[in-house]
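Next comes entry_22.txt, with compact mmCIF, C-alpha atoms.
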# COMPACT_ATOMS: atom_id res chain seq x y z
CA MET H 217 -9.74 -18.36 60.65
CA LYS H 218 -9.10 -15.22 58.61
CA ILE H 219 -10.64 -12.02 59.80
CA GLY H 220 -12.69 -10.17 57.21
CA PRO H 221 -12.30 -6.43 56.55
CA GLU H 222 -15.44 -5.53 58.48
CA GLU H 223 -14.05 -7.21 61.60
CA GLN H 224 -10.67 -5.52 61.61
CA ASP H 225 -9.67 -2.77 63.97
CA GLU H 226 -10.61 0.32 62.01
CA ALA H 227 -8.20 2.54 63.89
CA SER H 228 -5.32 0.43 62.61
CA GLN H 229 -6.32 1.19 59.03
CA ARG H 230 -5.93 4.95 59.31
CA ARG H 231 -2.87 6.36 57.61
CA ARG H 232 -1.31 9.80 57.34
CA TRP H 233 0.58 10.74 54.19
CA GLY H 234 4.28 10.74 54.92
CA VAL H 235 3.93 10.84 58.71
CA PRO H 236 5.87 8.08 60.50
CA VAL H 237 3.91 6.01 63.00
CA GLY H 238 5.67 7.60 65.95
CA VAL H 239 4.76 11.08 64.77
CA ALA H 240 1.15 10.17 63.96
CA ALA H 241 0.73 8.78 67.47
CA GLY H 242 1.96 12.05 68.94
CA VAL H 243 -0.08 14.40 66.81
CA VAL H 244 -2.31 15.40 69.71
CA ALA H 245 0.66 16.81 71.58
CA VAL H 246 2.55 18.47 68.74
CA SER H 247 2.14 21.72 66.86
CA VAL H 248 4.12 23.35 64.07
CA ALA H 249 5.33 26.87 63.44
CA ALA H 250 3.14 29.36 61.61
CA VAL H 251 3.37 29.01 57.86
CA THR H 252 3.73 31.56 55.11
CA ALA H 253 0.73 32.34 52.95
CA PHE H 254 0.20 29.65 50.34
CA GLY H 255 0.12 30.34 46.63
CA GLY H 256 -2.73 28.96 44.59
CA ALA H 257 -5.60 30.09 46.81
CA GLY H 258 -6.32 33.10 44.61
CA ASP H 259 -9.95 33.75 43.98
CA ALA H 260 -10.93 30.12 43.55
CA LYS H 261 -14.43 29.38 44.79
CA PRO H 262 -15.36 26.47 47.02
CA ILE H 263 -16.68 23.26 45.48
CA VAL H 264 -20.17 22.87 46.91
CA ALA H 265 -23.57 21.93 45.57
CA GLY H 266 -25.72 24.67 44.09
CA PRO H 267 -29.26 25.48 45.28
CA ALA H 268 -30.66 22.56 43.29
CA GLY H 269 -27.96 20.20 44.50
CA ASN H 270 -25.96 20.41 41.28
CA PRO H 271 -22.16 20.52 41.55
CA THR H 272 -20.35 23.79 41.03
CA GLY H 273 -16.60 24.21 40.59
CA ALA H 274 -14.24 21.48 39.42
CA ALA H 275 -15.63 18.24 38.04
CA SER H 276 -15.42 14.98 39.97
CA PRO H 277 -14.02 11.83 38.40
CA SER H 278 -16.51 9.50 36.77
CA PRO H 279 -17.19 6.09 38.29
CA SER H 280 -14.94 3.41 36.83
CA THR H 281 -13.22 0.18 37.68
CA THR H 282 -9.51 -0.56 37.46
CA THR H 283 -7.21 -3.15 38.93
CA GLY H 284 -3.64 -3.15 40.14
CA SER H 285 -1.34 -4.31 42.89
CA ALA H 286 -0.06 -2.61 46.01
CA SER H 287 3.27 -0.82 46.23
CA GLY H 288 4.85 1.72 48.56
CA GLY H 289 3.92 5.35 48.11
CA ALA H 290 2.57 8.28 50.06
CA GLY H 291 2.83 7.55 53.74
CA SER H 292 5.13 4.59 53.17
CA SER H 293 8.73 4.24 54.22
CA PRO H 294 11.24 4.07 51.34
CA SER H 295 12.05 0.48 50.50
CA SER H 296 13.55 -1.66 47.78
CA GLY H 297 12.45 -4.90 46.22
CA ASP H 298 8.70 -4.26 46.31
CA THR H 299 6.99 -6.96 44.26
CA SER H 300 3.43 -7.43 43.04
CA SER H 301 1.53 -10.57 43.86
CA ALA H 302 -1.97 -11.95 43.68
CA ARG H 303 -2.29 -11.24 47.39
CA ASP H 304 -1.73 -7.51 46.75
CA ALA H 305 -4.11 -7.20 43.80
CA PHE H 306 -6.97 -4.75 44.18
CA THR H 307 -9.79 -3.12 42.24
CA ILE H 308 -10.78 0.55 42.39
CA THR H 309 -14.53 0.25 41.98
CA SER H 310 -15.19 4.00 42.02
CA GLY H 311 -13.23 7.23 42.17
CA ALA H 312 -16.29 9.48 41.97
CA THR H 313 -17.00 12.22 44.52
CA THR H 314 -20.07 14.43 44.93
CA PRO H 315 -20.09 17.99 46.29
CA ILE H 316 -21.45 18.71 49.76
CA ASP H 317 -23.96 21.55 49.91
CA ALA H 318 -22.96 24.80 51.60
CA ALA H 319 -25.34 24.50 54.56
CA THR H 320 -24.05 21.03 55.43
CA ILE H 321 -20.44 22.19 55.09
CA THR H 322 -21.18 24.91 57.64
CA ARG H 323 -22.50 22.32 60.11
CA ILE H 324 -19.53 20.01 59.49
CA LEU H 325 -17.04 22.79 60.20
CA ALA H 326 -18.96 23.92 63.30
CA SER H 327 -18.85 20.44 64.85
CA CYS H 328 -15.23 19.94 63.78
CA LEU H 329 -13.76 23.30 64.83
CA GLY H 330 -16.16 24.53 67.50
CA LYS H 331 -15.91 28.22 68.29
CA ASP H 332 -13.00 28.60 65.84
CA ALA H 333 -15.17 27.66 62.85
CA SER H 334 -16.07 31.29 62.17
CA ARG H 335 -12.42 32.02 61.38
CA TYR H 336 -12.36 29.63 58.42
CA GLN H 337 -13.81 29.84 54.95
CA PRO H 338 -14.67 26.53 53.24
CA VAL H 339 -12.85 25.91 49.97
CA ILE H 340 -13.91 22.37 49.11
CA GLY H 341 -16.19 19.65 50.46
CA VAL H 342 -17.03 16.29 48.88
CA ARG H 343 -18.69 12.99 49.70
CA ALA H 344 -16.80 9.79 49.01
CA PRO H 345 -18.22 7.01 46.79
CA ILE H 346 -18.38 4.69 49.80
CA THR H 347 -18.98 5.13 53.54
CA SER H 348 -16.99 3.72 56.44
CA LYS H 349 -18.06 3.59 60.08
CA ASP H 350 -16.46 6.99 60.77
CA SER H 351 -16.18 8.80 57.44
CA ASP H 352 -18.13 9.59 54.29
CA GLY H 353 -16.27 12.62 52.97
CA VAL H 354 -13.97 15.52 53.69
CA VAL H 355 -14.12 19.32 53.99
CA ILE H 356 -11.13 21.66 53.64
CA ALA H 357 -11.26 25.25 54.91
CA VAL H 358 -8.69 28.05 55.16
CA ASP H 359 -8.24 31.08 57.43
CA SER H 360 -7.06 34.61 56.63
CA ALA H 361 -3.43 33.60 57.27
CA GLY H 362 -3.59 30.90 54.60
CA GLN H 363 -3.66 28.00 57.07
CA TYR H 364 -5.79 25.04 56.09
CA VAL H 365 -7.80 22.63 58.20
CA GLN H 366 -9.11 19.22 57.17
CA CYS H 367 -12.34 17.87 58.64
CA GLU H 368 -13.49 14.34 57.88
CA SER H 369 -17.26 14.17 57.62
CA LYS H 370 -19.94 11.68 58.59
CA GLY H 371 -23.34 13.07 57.75
CA ASP H 372 -23.40 16.67 58.97
CA LYS H 373 -20.76 16.07 61.65
CA GLY H 374 -17.04 16.69 61.26
CA THR H 375 -13.87 15.64 63.06
CA SER H 376 -10.21 16.52 62.69
CA PRO H 377 -7.52 13.87 63.25
CA ASP H 378 -5.06 16.63 64.17
CA SER H 379 -4.60 18.78 67.25
CA PRO H 380 -4.58 21.64 66.60
CA PRO H 381 -6.43 21.22 63.29
CA THR H 382 -3.85 23.48 61.58
CA PHE H 383 -1.12 20.89 62.26
CA ILE H 384 -1.39 19.77 58.62
CA ASN H 385 0.24 23.00 57.37
CA ASP H 386 3.89 22.97 56.25
CA ARG H 387 4.28 19.42 57.59
CA LEU H 388 5.21 17.53 54.44
CA TRP H 389 6.05 18.99 51.04
CA GLY H 390 6.95 17.02 47.96
CA THR H 391 10.28 17.76 46.31
CA GLY H 392 10.10 21.13 44.57
CA ARG H 393 7.38 22.38 46.94
CA THR H 394 4.67 22.05 44.31
CA VAL H 395 2.47 19.70 46.30
CA GLU H 396 1.93 19.59 50.07
CA TYR H 397 0.42 16.56 51.75
CA PHE H 398 -2.33 16.74 54.36
CA ASP H 399 -3.96 13.68 55.96
CA SER H 400 -5.05 10.49 54.23
CA ILE H 401 -7.01 7.55 55.58
CA ARG H 402 -7.88 4.02 54.60
CA GLU H 403 -10.82 2.51 56.49
CA PRO H 404 -12.86 -0.71 56.17
CA ALA H 405 -16.22 0.01 54.59
CA GLY H 406 -17.86 -3.39 54.92
CA LYS H 407 -18.35 -6.28 52.48
CA GLY H 408 -14.66 -6.50 51.59
CA GLN H 409 -14.36 -2.83 50.64
CA TYR H 410 -12.19 0.03 51.85
CA LEU H 411 -12.55 3.79 51.76
CA MET H 412 -9.46 5.65 50.51
CA LEU H 413 -9.59 9.38 51.24
CA GLY H 414 -7.03 12.16 51.41
CA ALA H 415 -6.21 15.80 50.75
CA GLY H 416 -3.40 18.26 50.16
CA HIS H 417 -2.37 21.69 48.92
CA TYR H 418 -1.10 22.74 45.50
CA THR H 419 0.75 25.94 44.60
CA SER H 420 0.05 28.44 41.83
CA GLY H 421 0.68 27.17 38.32
CA ILE H 422 -0.93 23.79 39.00
CA THR H 423 -4.18 23.29 37.11
CA LYS H 424 -4.80 19.57 37.51
CA ILE H 425 -4.14 17.02 40.27
CA THR H 426 -4.65 13.31 39.73
CA ILE H 427 -4.22 10.25 41.94
CA SER H 428 -2.98 6.79 40.99
CA TYR H 429 -2.98 3.74 43.25
CA GLY H 430 -0.24 1.16 43.77
CA ASP H 431 1.37 0.07 40.51
CA ASP H 432 -1.76 0.76 38.45
CA PRO H 433 -0.97 3.64 36.03
CA LYS H 434 -4.60 4.80 35.76
CA GLU H 435 -5.01 8.29 37.21
CA TYR H 436 -8.18 9.63 38.82
CA PRO H 437 -8.84 13.40 38.83
CA ALA H 438 -8.87 14.98 42.28
CA ALA H 439 -11.38 17.69 43.15
CA MET H 440 -9.60 21.06 43.41
CA ALA H 441 -10.47 24.52 44.74
CA GLY H 442 -8.86 27.33 46.71
CA GLY H 443 -5.38 25.80 46.64
CA ALA H 444 -6.60 22.50 48.10
CA PHE H 445 -7.27 19.13 46.51
CA VAL H 446 -9.14 16.09 47.81
CA TYR H 447 -9.61 12.57 46.54
CA ALA H 448 -11.73 9.59 47.55
CA ALA H 449 -12.07 6.07 46.18
CA ALA H 450 -13.73 2.76 46.90
CA LEU H 451 -11.26 -0.13 46.88
CA SER H 452 -11.78 -3.89 46.97
CA PRO H 453 -8.94 -6.42 47.46
CA ASP H 454 -9.08 -9.10 44.76
CA THR H 455 -8.39 -11.81 47.35
CA PRO H 456 -9.49 -11.99 51.02
CA PRO H 457 -7.11 -9.66 52.90
CA GLU H 458 -5.04 -10.54 55.91
CA GLN H 459 -5.97 -9.09 59.31
CA HIS H 460 -3.87 -5.96 58.79
CA TYR H 461 -4.44 -5.18 55.13
CA ALA H 462 -1.76 -2.81 53.83
CA GLY H 463 -3.44 -2.03 50.53
CA PRO H 464 -2.07 0.23 47.79
CA SER H 465 -0.70 3.68 48.44
CA PRO H 466 -2.06 6.76 46.65
CA TYR H 467 0.35 8.67 44.41
CA VAL H 468 -0.11 12.34 43.54
CA HIS H 469 0.48 13.73 40.04
CA ALA H 470 0.40 17.48 39.27
CA TYR H 471 0.03 19.17 35.87
CA ASN H 472 0.39 22.75 34.63
CA ALA H 473 -1.87 24.66 32.25
CA SER H 474 -0.16 23.21 29.17
CA GLY H 475 -0.88 19.68 30.38
CA LYS H 476 2.72 18.91 31.32
CA GLU H 477 3.24 16.74 34.37
CA VAL H 478 5.38 18.84 36.71
CA TYR H 479 5.25 16.55 39.75
CA ASN H 480 5.00 12.78 40.05
CA GLN H 481 5.15 11.34 43.53
CA LYS H 482 6.32 8.01 42.14
CA LYS H 483 9.49 9.79 41.00
CA ASP H 484 9.92 11.93 44.11
CA PRO H 485 13.22 10.84 45.73
CA GLN H 486 11.99 11.43 49.25
CA PHE H 487 9.37 8.72 48.71
CA THR H 488 11.35 6.38 46.47
CA GLU H 489 14.91 6.34 47.81
Serialized structure, structure tokens:
Amino acid sequence: MKIGPEEQDEASQRRRWGVPVGVAAGVVAVSVAAVTAFGGAGDAKPIVAGPAGNPTGAASPSPSTTTGSASGGAGSSPSSGDTSSARDAFTITSGATTPIDAATITRILASCLGKDASRYQPVIGVRAPITSKDSDGVVIAVDSAGQYVQCESKGDKGTSPDSPPTFINDRLWGTGRTVEYFDSIREPAGKGQYLMLGAGHYTSGITKITISYGDDPKEYPAAMAGGAFVYAAALSPDTPPEQHYAGPSPYVHAYNASGKEVYNQKKDPQFTE
């Protein structure tokens, strides 16, 4: 008997961008050196909902549907001979996010960071288009030293998969140090659906970040503010998945003000060779 997505071990579905399994398992016992101040933070304002609940800041991608097949990418080991098959086919049913209001962001950071929350200023917070057992969105905040923290939200509660929460800083840069990867997750969301959610940092000169999935060329705009970007999507396998569904990997694309693509994770040698 095949096990459906809602019956799978949710912990096994969580994935960190570019962090080998052995490292991810030891996150709670590892820290990294202090990082230099990041470019790109500037005077950007946080993406939150206004007093009437209307989004402010960067626009979120519109709901849409696209199909593709899985292939290695962010968080995957370099490999050769990846092939598409009906078993790998998937559909992105929505890539839309909605801003989280400022008061809720404050509560999320307080439950995520405890007494340290007062040291961080929120830069972006969004709800995903679908909810898993443990997550429905993400909040990114930064301190005066330019160190970011990522808190996954569920309602008005927040949790960090890293210890200390600043572990995400200077951990994994793409070639050229234009894009830095934070954490990403993939979790069952019931009824044959999965939540894809992740975040990262972009440097100055980058004006647009998009995400593609697997071998599907369609790109979904990420929400951006304060030097951080976040994405979220609802994914459905086109055929019943196996017990440990690998699913497609997210790929990051970065563009400058003239619209030129200056970084493409699919072409980054540290992910493709």
>> If I take CA of Ile425 (chain H) and CA of Gly362 (chain H), how far is one from the other in Å, to one decimal?
In response: 20.0 Å
Quick one: axis-aligned box around all listed atoms of region 376-379 of chain H, 5 Å on every side, centre and edge lengths in Å to one decimal, written as lines of an AutoDock Vina configuration file.
center_x = -7.4
center_y = 16.3
center_z = 65.0
size_x = 15.6
size_y = 14.9
size_z = 14.6
Residues within 6 Å of region 440-456 of chain H, all atoms listed in the file, excluding chain neighbours under 5 positions, as an mmCIF file with C-alpha atoms, keeping the file's coordinate frame:
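So part.cif came out as:
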data_model
loop_
_atom_site.group_PDB
_atom_site.id
_atom_site.type_symbol
_atom_site.label_atom_id
_atom_site.label_comp_id
_atom_site.auth_asym_id
_atom_site.auth_seq_id
_atom_site.Cartn_x
_atom_site.Cartn_y
_atom_site.Cartn_z
ATOM 1 C CA GLY H 256 -2.730 28.960 44.590
ATOM 2 C CA ALA H 257 -5.600 30.090 46.810
ATOM 3 C CA ALA H 260 -10.930 30.120 43.550
ATOM 4 C CA PRO H 262 -15.360 26.470 47.020
ATOM 5 C CA ALA H 305 -4.110 -7.200 43.800
ATOM 6 C CA PHE H 306 -6.970 -4.750 44.180
ATOM 7 C CA THR H 307 -9.790 -3.120 42.240
ATOM 8 C CA ILE H 308 -10.780 0.550 42.390
ATOM 9 C CA THR H 309 -14.530 0.250 41.980
ATOM 10 C CA SER H 310 -15.190 4.000 42.020
ATOM 11 C CA GLY H 311 -13.230 7.230 42.170
ATOM 12 C CA VAL H 339 -12.850 25.910 49.970
ATOM 13 C CA ILE H 340 -13.910 22.370 49.110
ATOM 14 C CA ALA H 344 -16.800 9.790 49.010
ATOM 15 C CA ILE H 346 -18.380 4.690 49.800
ATOM 16 C CA GLN H 409 -14.360 -2.830 50.640
ATOM 17 C CA TYR H 410 -12.190 0.030 51.850
ATOM 18 C CA LEU H 411 -12.550 3.790 51.760
ATOM 19 C CA MET H 412 -9.460 5.650 50.510
ATOM 20 C CA LEU H 413 -9.590 9.380 51.240
ATOM 21 C CA GLY H 414 -7.030 12.160 51.410
ATOM 22 C CA ALA H 415 -6.210 15.800 50.750
ATOM 23 C CA GLY H 416 -3.400 18.260 50.160
ATOM 24 C CA HIS H 417 -2.370 21.690 48.920
ATOM 25 C CA TYR H 418 -1.100 22.740 45.500
#
> Skipping near chain neighbours, those fewer than 6 positions away, what residues fall within 9 Å of Lys349 (chain H) using all atoms listed in the file, listed as a ChimeraX atom specification?
Replying inline: /H:226,370,403-406
> Which residue out of H:Ser379, H:Gly390, H:Thr347, H:Asp359 has the minimum interatomic distance to Thr488 (chain H) when only C-alpha atoms are used?
Replying inline: H:Gly390
>> If I take CA of Gln337 (chain H) and CA of Val358 (chain H), how far is one from the other in Å, to one decimal?
In response: 5.4 Å
Cut-off 12 Å: closest region 365-420 of chain H/region 312-325 of chain H atom pairs per residue, using only C-alpha atoms, as a tab-separated table:
residue	atom	partner	partner_atom	distance
H:Val365	CA	H:Leu325	CA	9.5
H:Gln366	CA	H:Leu325	CA	9.2
H:Cys367	CA	H:Leu325	CA	7.0
H:Glu368	CA	H:Ile324	CA	8.4
H:Ser369	CA	H:Ile324	CA	6.5
H:Lys370	CA	H:Ile324	CA	8.4
H:Gly371	CA	H:Ile324	CA	8.1
H:Asp372	CA	H:Ile324	CA	5.1
H:Lys373	CA	H:Ile324	CA	4.7
H:Gly374	CA	H:Ile324	CA	4.5
H:Thr375	CA	H:Ile324	CA	8.0
H:Ser376	CA	H:Leu325	CA	9.6
H:Pro381	CA	H:Leu325	CA	11.2
H:Leu411	CA	H:Ala312	CA	11.9
H:Met412	CA	H:Ala312	CA	11.6
H:Leu413	CA	H:Thr313	CA	10.4
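One distance worth recording is that between CA of Trp389 (chain H) and CA of Thr419 (chain H), which is 10.9 Å.
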> Between H:Arg387, H:Arg402, H:Arg393, H:Lys407, which is the closest to Ser465 (chain H) once you count all atoms listed in the file?
Replying inline: H:Arg402
>> Restricting the calculation to all atoms listed in the file: of H:Gly430, H:Pro380, H:Pro437, H:Gly408, which residue gets closest to Gln459 (chain H)?
In response: H:Gly408
